file structure21.pdb (PDB, C-alpha atoms)
ATOM      1  CA  MET A   1      79.848 -27.757  -5.059
ATOM      2  CA  ASN A   2      77.528 -30.791  -5.080
ATOM      3  CA  TYR A   3      75.950 -32.373  -2.016
ATOM      4  CA  LEU A   4      74.842 -35.979  -1.542
ATOM      5  CA  ILE A   5      72.514 -36.985   1.303
ATOM      6  CA  VAL A   6      73.078 -40.596   2.404
ATOM      7  CA  ALA A   7      70.839 -41.904   5.170
ATOM      8  CA  HIS A   8      68.883 -44.834   6.581
ATOM      9  CA  GLY A   9      65.501 -45.751   5.125
ATOM     10  CA  GLN A  10      63.819 -43.076   3.017
ATOM     11  CA  TYR A  11      65.166 -40.216   5.123
ATOM     12  CA  ALA A  12      67.507 -38.888   2.427
ATOM     13  CA  GLU A  13      64.776 -38.540  -0.221
ATOM     14  CA  ALA A  14      62.283 -37.208   2.336
ATOM     15  CA  CYS A  15      64.748 -34.624   3.642
ATOM     16  CA  LEU A  16      65.566 -33.435   0.127
ATOM     17  CA  SER A  17      61.889 -33.361  -0.857
ATOM     18  CA  SER A  18      60.980 -31.320   2.239
ATOM     19  CA  CYS A  19      63.864 -28.932   1.575
ATOM     20  CA  GLU A  20      62.801 -28.385  -2.046
ATOM     21  CA  MET A  21      59.251 -27.671  -0.896
ATOM     22  CA  ILE A  22      60.723 -24.617   0.837
ATOM     23  CA  THR A  23      63.669 -23.626  -1.350
ATOM     24  CA  GLY A  24      62.703 -24.932  -4.788
ATOM     25  CA  LYS A  25      64.427 -27.577  -6.886
ATOM     26  CA  HIS A  26      68.198 -27.961  -6.787
ATOM     27  CA  ASP A  27      70.371 -29.687  -9.387
ATOM     28  CA  THR A  28      73.386 -29.871  -7.053
ATOM     29  CA  ILE A  29      71.804 -31.884  -4.219
ATOM     30  CA  PHE A  30      71.240 -35.633  -4.519
ATOM     31  CA  ALA A  31      69.923 -38.361  -2.240
ATOM     32  CA  VAL A  32      70.738 -42.052  -1.704
ATOM     33  CA  SER A  33      68.759 -44.368   0.573
ATOM     34  CA  PHE A  34      70.277 -47.141   2.657
ATOM     35  CA  THR A  35      67.504 -49.721   2.973
ATOM     36  CA  GLU A  36      67.385 -53.087   4.688
ATOM     37  CA  GLU A  37      68.182 -55.143   1.607
ATOM     38  CA  LEU A  38      71.456 -53.290   0.910
ATOM     39  CA  SER A  39      74.933 -54.081   2.209
ATOM     40  CA  ARG A  40      77.587 -51.458   2.850
ATOM     41  CA  ASP A  41      79.237 -52.400  -0.447
ATOM     42  CA  ASP A  42      75.918 -51.995  -2.249
ATOM     43  CA  LEU A  43      75.631 -48.544  -0.738
ATOM     44  CA  ILE A  44      79.168 -47.652  -1.772
ATOM     45  CA  GLU A  45      78.258 -48.715  -5.303
ATOM     46  CA  LYS A  46      75.199 -46.442  -5.332
ATOM     47  CA  ILE A  47      77.232 -43.500  -4.032
ATOM     48  CA  THR A  48      80.006 -44.170  -6.539
ATOM     49  CA  PHE A  49      77.522 -44.144  -9.408
ATOM     50  CA  ILE A  50      76.409 -40.623  -8.502
ATOM     51  CA  LEU A  51      79.987 -39.437  -7.993
ATOM     52  CA  ASP A  52      81.019 -40.784 -11.387
ATOM     53  CA  SER A  53      78.022 -39.159 -13.063
ATOM     54  CA  HIS A  54      79.169 -35.636 -12.171
ATOM     55  CA  ASN A  55      82.443 -33.781 -12.549
ATOM     56  CA  GLU A  56      82.049 -31.453  -9.552
ATOM     57  CA  GLU A  57      83.338 -32.062  -6.037
ATOM     58  CA  PHE A  58      80.989 -33.429  -3.383
ATOM     59  CA  ILE A  59      80.275 -33.047   0.305
ATOM     60  CA  ILE A  60      78.409 -36.057   1.667
ATOM     61  CA  LEU A  61      75.660 -35.388   4.234
ATOM     62  CA  THR A  62      74.950 -38.380   6.492
ATOM     63  CA  ASP A  63      72.463 -39.004   9.288
ATOM     64  CA  ILE A  64      74.256 -40.868  12.125
ATOM     65  CA  PHE A  65      77.918 -40.788  13.087
ATOM     66  CA  GLY A  66      79.256 -44.341  12.777
ATOM     67  CA  GLY A  67      76.235 -45.665  10.909
ATOM     68  CA  THR A  68      76.556 -47.505   7.619
ATOM     69  CA  PRO A  69      75.883 -44.383   5.502
ATOM     70  CA  TYR A  70      78.670 -42.564   7.357
ATOM     71  CA  ASN A  71      80.996 -45.564   7.148
ATOM     72  CA  ALA A  72      80.441 -45.948   3.400
ATOM     73  CA  ALA A  73      81.022 -42.221   2.922
ATOM     74  CA  LYS A  74      84.153 -42.349   5.077
ATOM     75  CA  ILE A  75      85.650 -45.157   2.996
ATOM     76  CA  LEU A  76      85.083 -43.161  -0.188
ATOM     77  CA  TYR A  77      86.254 -39.947   1.472
ATOM     78  CA  GLU A  78      89.634 -41.522   2.132
ATOM     79  CA  SER A  79      90.035 -42.779  -1.419
ATOM     80  CA  ARG A  80      88.257 -40.283  -3.663
ATOM     81  CA  GLU A  81      89.603 -36.751  -4.118
ATOM     82  CA  LYS A  82      86.189 -35.716  -5.408
ATOM     83  CA  ILE A  83      84.709 -36.064  -1.901
ATOM     84  CA  VAL A  84      85.972 -33.039   0.033
ATOM     85  CA  GLY A  85      83.864 -33.308   3.180
ATOM     86  CA  ILE A  86      81.449 -35.335   5.307
ATOM     87  CA  LEU A  87      78.719 -33.763   7.427
ATOM     88  CA  THR A  88      77.165 -35.999  10.088
ATOM     89  CA  GLY A  89      73.749 -35.276  11.598
ATOM     90  CA  ILE A  90      71.965 -33.834   8.565
ATOM     91  CA  SER A  91      68.536 -32.382   9.263
ATOM     92  CA  LEU A  92      66.105 -30.156   7.413
ATOM     93  CA  GLN A  93      67.207 -27.220   9.547
ATOM     94  CA  LEU A  94      70.793 -27.748   8.397
ATOM     95  CA  LEU A  95      69.955 -28.619   4.793
ATOM     96  CA  ILE A  96      67.909 -25.495   4.029
ATOM     97  CA  PRO A  97      70.745 -22.968   4.530
ATOM     98  CA  ILE A  98      73.133 -25.286   2.656
ATOM     99  CA  ALA A  99      70.655 -25.425  -0.230
ATOM    100  CA  LEU A 100      70.459 -21.638  -0.181
ATOM    101  CA  GLY A 101      74.221 -21.291  -0.599
ATOM    102  CA  GLU A 102      75.698 -21.128   2.895
ATOM    103  CA  ARG A 103      78.926 -22.975   3.641
ATOM    104  CA  VAL A 104      78.627 -26.136   5.719
ATOM    105  CA  THR A 105      81.298 -24.823   8.071
ATOM    106  CA  ASP A 106      79.243 -21.677   8.717
ATOM    107  CA  VAL A 107      76.002 -23.602   9.216
ATOM    108  CA  ILE A 108      77.451 -25.823  11.934
ATOM    109  CA  THR A 109      79.311 -23.112  13.858
ATOM    110  CA  ASN A 110      79.235 -23.858  17.588
ATOM    111  CA  ILE A 111      77.741 -27.307  17.033
ATOM    112  CA  ASP A 112      79.883 -30.286  18.035
ATOM    113  CA  GLN A 113      79.452 -34.033  18.588
ATOM    114  CA  ILE A 114      75.824 -34.085  17.427
ATOM    115  CA  VAL A 115      76.977 -32.630  14.125
ATOM    116  CA  SER A 116      80.513 -33.100  12.876
ATOM    117  CA  PHE A 117      82.298 -32.088   9.697
ATOM    118  CA  GLU A 118      85.514 -33.221   8.063
ATOM    119  CA  GLY A 119      86.854 -31.212   5.154
ATOM    120  CA  LYS A 120      89.921 -31.191   2.976
ATOM    121  CA  LYS A 121      89.606 -27.615   1.738
ATOM    122  CA  ALA A 122      87.325 -24.605   1.650
ATOM    123  CA  GLU A 123      84.157 -24.929  -0.390
ATOM    124  CA  ASN A 124      83.713 -23.008  -3.597
ATOM    125  CA  VAL A 125      80.077 -21.968  -3.560
ATOM    126  CA  LYS A 126      78.093 -19.649  -5.746
ATOM    127  CA  THR A 127      76.467 -16.827  -3.835
ATOM    128  CA  THR A 128      72.747 -16.273  -4.329
ATOM    129  CA  GLN A 129      72.046 -12.983  -6.031
ATOM    130  CA  PRO A 130      68.988 -10.981  -4.908
ATOM    131  CA  LEU A 131      66.142 -10.718  -7.375
ATOM    132  CA  ASP A 132      65.772  -7.472  -9.299
ATOM    133  CA  SER A 133      63.717  -5.053  -7.248
ATOM    134  CA  VAL A 134      60.433  -3.657  -8.495
ATOM    135  CA  LYS A 135      59.615  -0.253  -7.071
ATOM    136  CA  VAL A 136      56.091   1.072  -7.576
ATOM    137  CA  ASP A 137      56.049   4.863  -7.945
ATOM    138  CA  LYS A 138      58.769   5.067  -5.261
ATOM    139  CA  ASN A 139      56.470   3.534  -2.639
ATOM    140  CA  GLY A 140      59.049   0.877  -1.705
ATOM    141  CA  ILE A 141      57.098  -2.248  -2.677
ATOM    142  CA  VAL A 142      59.293  -5.036  -4.079
ATOM    143  CA  GLN A 143      56.570  -7.687  -4.100
ATOM    144  CA  ILE A 144      52.946  -8.204  -3.139
ATOM    145  CA  ARG A 145      52.488 -11.879  -2.402
ATOM    146  CA  ILE A 146      49.270 -13.831  -1.876
ATOM    147  CA  ASP A 147      50.140 -16.684   0.475
ATOM    148  CA  GLU A 148      47.758 -18.162   3.041
ATOM    149  CA  ARG A 149      50.672 -19.330   5.185
ATOM    150  CA  LEU A 150      51.940 -15.744   5.483
ATOM    151  CA  ILE A 151      55.437 -15.953   7.034
ATOM    152  CA  HIS A 152      56.565 -19.580   6.686
ATOM    153  CA  GLY A 153      59.550 -21.534   5.425
ATOM    154  CA  GLN A 154      59.488 -20.386   1.806
ATOM    155  CA  VAL A 155      59.047 -16.758   2.802
ATOM    156  CA  ALA A 156      61.485 -16.674   5.716
ATOM    157  CA  THR A 157      64.308 -18.604   4.054
ATOM    158  CA  SER A 158      63.847 -17.760   0.361
ATOM    159  CA  TRP A 159      61.729 -14.752  -0.503
ATOM    160  CA  ILE A 160      62.894 -12.246   2.104
ATOM    161  CA  GLY A 161      66.546 -12.863   1.305
ATOM    162  CA  ASN A 162      66.138 -13.001  -2.461
ATOM    163  CA  LEU A 163      64.178  -9.763  -2.483
ATOM    164  CA  SER A 164      66.509  -8.146   0.078
ATOM    165  CA  ALA A 165      63.318  -7.105   1.876
ATOM    166  CA  THR A 166      63.895  -4.764   4.809
ATOM    167  CA  ARG A 167      60.275  -4.869   5.929
ATOM    168  CA  VAL A 168      57.532  -7.486   5.782
ATOM    169  CA  MET A 169      53.983  -6.174   5.873
ATOM    170  CA  ILE A 170      51.036  -8.443   6.713
ATOM    171  CA  ILE A 171      47.744  -6.856   5.659
ATOM    172  CA  ASP A 172      44.698  -8.448   7.249
ATOM    173  CA  ASP A 173      41.799  -6.817   9.126
ATOM    174  CA  THR A 174      41.264  -9.913  11.297
ATOM    175  CA  ILE A 175      44.868 -10.626  12.303
ATOM    176  CA  VAL A 176      45.278  -7.063  13.540
ATOM    177  CA  LYS A 177      42.743  -7.896  16.291
ATOM    178  CA  SER A 178      44.442 -11.156  17.381
ATOM    179  CA  ASP A 179      47.333 -10.808  19.838
ATOM    180  CA  MET A 180      48.117 -14.524  19.463
ATOM    181  CA  GLU A 181      48.447 -14.371  15.683
ATOM    182  CA  LYS A 182      50.490 -11.186  15.828
ATOM    183  CA  SER A 183      52.843 -12.760  18.360
ATOM    184  CA  ALA A 184      53.289 -15.845  16.158
ATOM    185  CA  LEU A 185      54.087 -13.682  13.118
ATOM    186  CA  ARG A 186      56.651 -11.667  15.075
ATOM    187  CA  ALA A 187      58.354 -14.887  16.144
ATOM    188  CA  ALA A 188      58.413 -16.194  12.554
ATOM    189  CA  CYS A 189      59.774 -13.023  10.962
ATOM    190  CA  PRO A 190      63.575 -13.019  10.507
ATOM    191  CA  LYS A 191      65.219 -10.635  12.960
ATOM    192  CA  ASN A 192      66.930  -8.614  10.221
ATOM    193  CA  SER A 193      63.545  -7.612   8.749
ATOM    194  CA  LYS A 194      61.049  -5.197  10.264
ATOM    195  CA  LEU A 195      57.440  -6.347  10.556
ATOM    196  CA  SER A 196      54.211  -4.387  10.163
ATOM    197  CA  ILE A 197      50.740  -5.872  10.685
ATOM    198  CA  LEU A 198      48.060  -3.505   9.402
ATOM    199  CA  THR A 199      44.456  -3.252   8.268
ATOM    200  CA  VAL A 200      43.824  -2.770   4.570
ATOM    201  CA  GLU A 201      42.848   0.881   4.979
ATOM    202  CA  ASN A 202      45.764   1.748   7.263
ATOM    203  CA  ALA A 203      48.239  -0.038   4.979
ATOM    204  CA  ALA A 204      46.944   1.763   1.876
ATOM    205  CA  ASN A 205      47.112   5.151   3.606
ATOM    206  CA  ARG A 206      50.660   4.623   4.867
ATOM    207  CA  ILE A 207      51.938   3.261   1.523
ATOM    208  CA  ASN A 208      50.236   6.007  -0.473
ATOM    209  CA  GLU A 209      51.775   8.647   1.818
ATOM    210  CA  GLY A 210      55.211   7.330   0.892
ATOM    211  CA  LEU A 211      56.188   6.222   4.401
ATOM    212  CA  TYR A 212      58.086   3.209   2.983
ATOM    213  CA  LYS A 213      59.707   4.824  -0.046
ATOM    214  CA  ASN A 214      63.193   4.281   1.403
ATOM    215  CA  GLU A 215      62.566   0.626   2.293
ATOM    216  CA  ARG A 216      62.214  -2.646   0.415
ATOM    217  CA  LEU A 217      58.699  -3.724   1.284
ATOM    218  CA  LEU A 218      57.403  -7.280   0.913
ATOM    219  CA  ILE A 219      53.620  -7.322   1.356
ATOM    220  CA  ILE A 220      51.939 -10.631   2.167
ATOM    221  CA  VAL A 221      48.177 -11.162   2.182
ATOM    222  CA  LYS A 222      45.951 -14.213   2.439
ATOM    223  CA  THR A 223      43.520 -13.552  -0.406
ATOM    224  CA  PRO A 224      43.299 -11.774  -3.773
ATOM    225  CA  LEU A 225      40.456  -9.656  -2.375
ATOM    226  CA  ILE A 226      42.890  -7.745  -0.137
ATOM    227  CA  VAL A 227      45.062  -6.843  -3.135
ATOM    228  CA  LYS A 228      41.959  -5.694  -5.015
ATOM    229  CA  GLN A 229      40.978  -3.531  -2.020
ATOM    230  CA  LEU A 230      44.472  -1.989  -1.911
ATOM    231  CA  PHE A 231      44.231  -1.192  -5.621
ATOM    232  CA  GLU A 232      40.810   0.421  -5.195
ATOM    233  CA  LEU A 233      42.213   2.533  -2.333
ATOM    234  CA  GLY A 234      44.741   4.023  -4.746
ATOM    235  CA  THR A 235      47.834   1.907  -4.089
ATOM    236  CA  LYS A 236      49.848   1.548  -7.287
ATOM    237  CA  ILE A 237      50.420  -2.148  -7.957
ATOM    238  CA  PRO A 238      52.287  -3.144 -11.127
ATOM    239  CA  SER A 239      52.347  -6.841 -10.209
ATOM    240  CA  VAL A 240      51.126  -9.416  -7.706
ATOM    241  CA  THR A 241      52.508 -12.911  -7.083
ATOM    242  CA  LEU A 242      50.202 -15.818  -6.254
ATOM    243  CA  GLY A 243      51.694 -18.412  -3.897
ATOM    244  CA  ASN A 244      50.291 -21.070  -1.561
ATOM    245  CA  MET A 245      46.511 -21.339  -1.235
ATOM    246  CA  SER A 246      45.072 -24.372   0.534
ATOM    247  CA  LYS A 247      42.396 -26.810  -0.582
ATOM    248  CA  LYS A 248      38.874 -25.861   0.503
ATOM    249  CA  ASP A 249      35.371 -26.922  -0.488
ATOM    250  CA  ASN A 250      34.783 -23.912  -2.733
ATOM    251  CA  ARG A 251      38.196 -24.039  -4.395
ATOM    252  CA  GLU A 252      39.537 -25.923  -7.388
ATOM    253  CA  LEU A 253      43.131 -26.907  -8.146
ATOM    254  CA  LEU A 254      44.978 -24.338 -10.239
ATOM    255  CA  LYS A 255      48.437 -25.891  -9.882
ATOM    256  CA  LYS A 256      50.332 -27.753  -7.172
ATOM    257  CA  SER A 257      49.784 -26.031  -3.787
ATOM    258  CA  VAL A 258      47.395 -23.492  -5.323
ATOM    259  CA  TYR A 259      43.620 -23.907  -5.006
ATOM    260  CA  ILE A 260      41.341 -21.045  -5.946
ATOM    261  CA  SER A 261      37.632 -20.208  -5.855
ATOM    262  CA  LYS A 262      35.654 -18.529  -8.629
ATOM    263  CA  ASP A 263      35.415 -15.300  -6.623
ATOM    264  CA  GLU A 264      39.161 -15.283  -5.940
ATOM    265  CA  LEU A 265      39.906 -15.937  -9.600
ATOM    266  CA  ASN A 266      37.593 -13.105 -10.594
ATOM    267  CA  ASP A 267      39.463 -10.749  -8.232
ATOM    268  CA  LEU A 268      42.750 -11.677  -9.914
ATOM    269  CA  LEU A 269      41.268 -11.285 -13.392
ATOM    270  CA  TYR A 270      39.935  -7.873 -12.363
ATOM    271  CA  LEU A 271      43.501  -6.843 -11.459
ATOM    272  CA  ASP A 272      44.806  -8.340 -14.703
ATOM    273  CA  GLN A 273      42.300  -6.252 -16.678
ATOM    274  CA  LYS A 274      43.563  -3.165 -14.798
ATOM    275  CA  ASN A 275      47.086  -3.827 -16.183
ATOM    276  CA  VAL A 276      48.351  -5.438 -12.976
ATOM    277  CA  ASN A 277      50.722  -8.281 -13.894
ATOM    278  CA  VAL A 278      49.339 -11.312 -12.015
ATOM    279  CA  VAL A 279      51.837 -14.192 -11.852
ATOM    280  CA  VAL A 280      52.040 -17.557 -10.087
ATOM    281  CA  GLN A 281      55.335 -18.478  -8.418
ATOM    282  CA  MET A 282      56.042 -20.625  -5.348
ATOM    283  CA  VAL A 283      59.768 -20.008  -4.847
ATOM    284  CA  PRO A 284      62.252 -17.556  -6.382
ATOM    285  CA  ASN A 285      63.952 -20.083  -8.667
ATOM    286  CA  GLU A 286      60.651 -21.321 -10.123
ATOM    287  CA  GLU A 287      59.542 -19.875 -13.450
ATOM    288  CA  LYS A 288      56.923 -17.154 -13.234
ATOM    289  CA  LYS A 289      53.724 -17.854 -15.160
ATOM    290  CA  LYS A 290      50.847 -15.501 -15.769
ATOM    291  CA  ILE A 291      47.546 -16.403 -14.136
ATOM    292  CA  THR A 292      45.931 -16.487 -17.583
ATOM    293  CA  ASP A 293      48.278 -19.312 -18.630
ATOM    294  CA  TYR A 294      46.373 -21.646 -16.287
ATOM    295  CA  LEU A 295      42.913 -20.828 -17.625
TER     296      LEU A 295
END

call {"tool": "encode", "arguments": {"input": "structure21.pdb", "output": "structure tokens"}}
result
Amino acid sequence: MNYLIVAHGQYAEACLSSCEMITGKHDTIFAVSFTEELSRDDLIEKITFILDSHNEEFIILTDIFGGTPYNAAKILYESREKIVGILTGISLQLLIPIALGERVTDVITNIDQIVSFEGKKAENVKTTQPLDSVKVDKNGIVQIRIDERLIHGQVATSWIGNLSATRVMIIDDTIVKSDMEKSALRAACPKNSKLSILTVENAANRINEGLYKNERLLIIVKTPLIVKQLFELGTKIPSVTLGNMSKKDNRELLKKSVYISKDELNDLLYLDQKNVNVVVQMVPNEEKKKITDYL
């Protein structure tokens, strides 16, 4: 199933761009802008061009019920068998689950008037398969992720589901002491995943004792130093994934959304020299690359 966002101004492109920041690139979602210089017929022509460029069926996602994008989509919906549905009221919150493979009809359950959907038949969607698990000496770890944002859009909507993680563990000696930060992390963690917030020493002891051997544990830390400390405390770590790290005065750009200091790079190279596979990957459907490929 293909999806086409049609909306006023630059909203369609912006919505798709924001979605892909969280979920990764998608080759089944497209965007068309309705700008001031276009007529409804011009818009229909732009939509038709995309429809004719692909063989698959489409659901059109529009912004405002009764607006020109909806009206243009409705005209084509009535005349083109390839268009099997129209969703009105598209937002980032609706687009993300659609991009991750949920049916439109499931996403909008119990929503009416603000969001409406017309469909000719059930959607045929590919289900997202979980990533292969990586267990480390039966300690339950499926991924150790370095990500300054900790639990955020990419983690909550992509990584946890793709890894089938049953528990998220935040390891940070400072956060453990902050009730406000712990409360925010609990609110951000999906309800079907358990959450642990531990110091480095406590986390290493509990993992090494095998307390999580029957779980699928996603560990998230802010810096490479914490992973190095875990390793030195005897935690077996076959791999570590580098994600978002923000721009700071002592950091240089490694790749988009990843800035790193010399000390942080040295910590990762230390792990690499200890036969820990250090890779860089923002979202599950992005290609993994070794840290050394960027040097």

call {"tool": "residues_around", "arguments": {"input": "structure21.pdb", "residues": "stretch 53-68 of chain A", "least_positions_apart": "5", "cutoff": "10 Å", "atoms": "all atoms listed in the file", "output": "PyMOL selection string"}}
result
chain A and resi 1-8+11-12+28-32+34+39-41+43-44+47-48+73-74+76-77+80-91+94-95+104+113-119+123-124

call {"tool": "closest_residue", "arguments": {"input": "structure21.pdb", "among": "A:Ser164, A:Thr292, A:Asn266, A:Ser257", "to": "A:Met245", "atoms": "only C-alpha atoms"}}
result
A:Ser257

call {"tool": "resolve_selection", "arguments": {"input": "structure21.pdb", "expression": "the PyMOL selection byres ((chain A and resi 179-194) around 6)", "output": "JSON, numbers by chain"}}
result
{"A": [166, 167, 178, 195]}

call {"tool": "resolve_selection", "arguments": {"input": "structure21.pdb", "expression": "the PyMOL selection byres ((chain A and resi 23) around 9)", "output": "list of chain:residue names"}}
result
A:Ser18, A:Cys19, A:Glu20, A:Met21, A:Ile22, A:Gly24, A:Lys25, A:His26, A:Ile96, A:Ala99, A:Leu100, A:Gly153, A:Gln154, A:Thr157, A:Ser158, A:Val283, A:Pro284, A:Asn285

call {"tool": "residues_near_point", "arguments": {"input": "structure21.pdb", "point": "(47.1, -18.2, -17.3)", "cutoff": "12 Å", "atoms": "all atoms listed in the file", "output": "list in words"}}
result
Leu242, Leu254, Lys255, Leu265, Leu268, Leu269, Asp272, Asn277, Val278, Val279, Val280, Lys288, Lys289, Lys290, Ile291, Thr292, Asp293, Tyr294 and Leu295 of chain A

call {"tool": "closest_residue", "arguments": {"input": "structure21.pdb", "among": "A:Arg103, A:His152, A:Lys274, A:Lys46", "to": "A:Pro238", "atoms": "all atoms listed in the file"}}
result
A:Lys274

call {"tool": "atom_distance", "arguments": {"input": "structure21.pdb", "atom1": "atom CA of A:Tyr270", "atom2": "atom CA of A:Leu211"}}
result
27.3 Å

call {"tool": "closest_residue", "arguments": {"input": "structure21.pdb", "among": "A:Cys15, A:Leu253, A:Ala204, A:Ile146", "to": "A:Gln281", "atoms": "only C-alpha atoms"}}
result
A:Ile146

call {"tool": "atom_distance", "arguments": {"input": "structure21.pdb", "atom1": "atom CA of A:Asn139", "atom2": "atom CA of A:Ile207"}}
result
6.2 Å

call {"tool": "closest_residue", "arguments": {"input": "structure21.pdb", "among": "A:Glu148, A:Asp27, A:Glu201, A:Asp42", "to": "A:Pro224", "atoms": "only C-alpha atoms"}}
result
A:Glu148

call {"tool": "atom_distance", "arguments": {"input": "structure21.pdb", "atom1": "atom CA of A:Glu36", "atom2": "atom CA of A:Ala72"}}
result
14.9 Å

call {"tool": "closest_residue", "arguments": {"input": "structure21.pdb", "among": "A:Thr174, A:Ile108, A:Asn244, A:Tyr70", "to": "A:Ile151", "atoms": "only C-alpha atoms"}}
result
A:Asn244
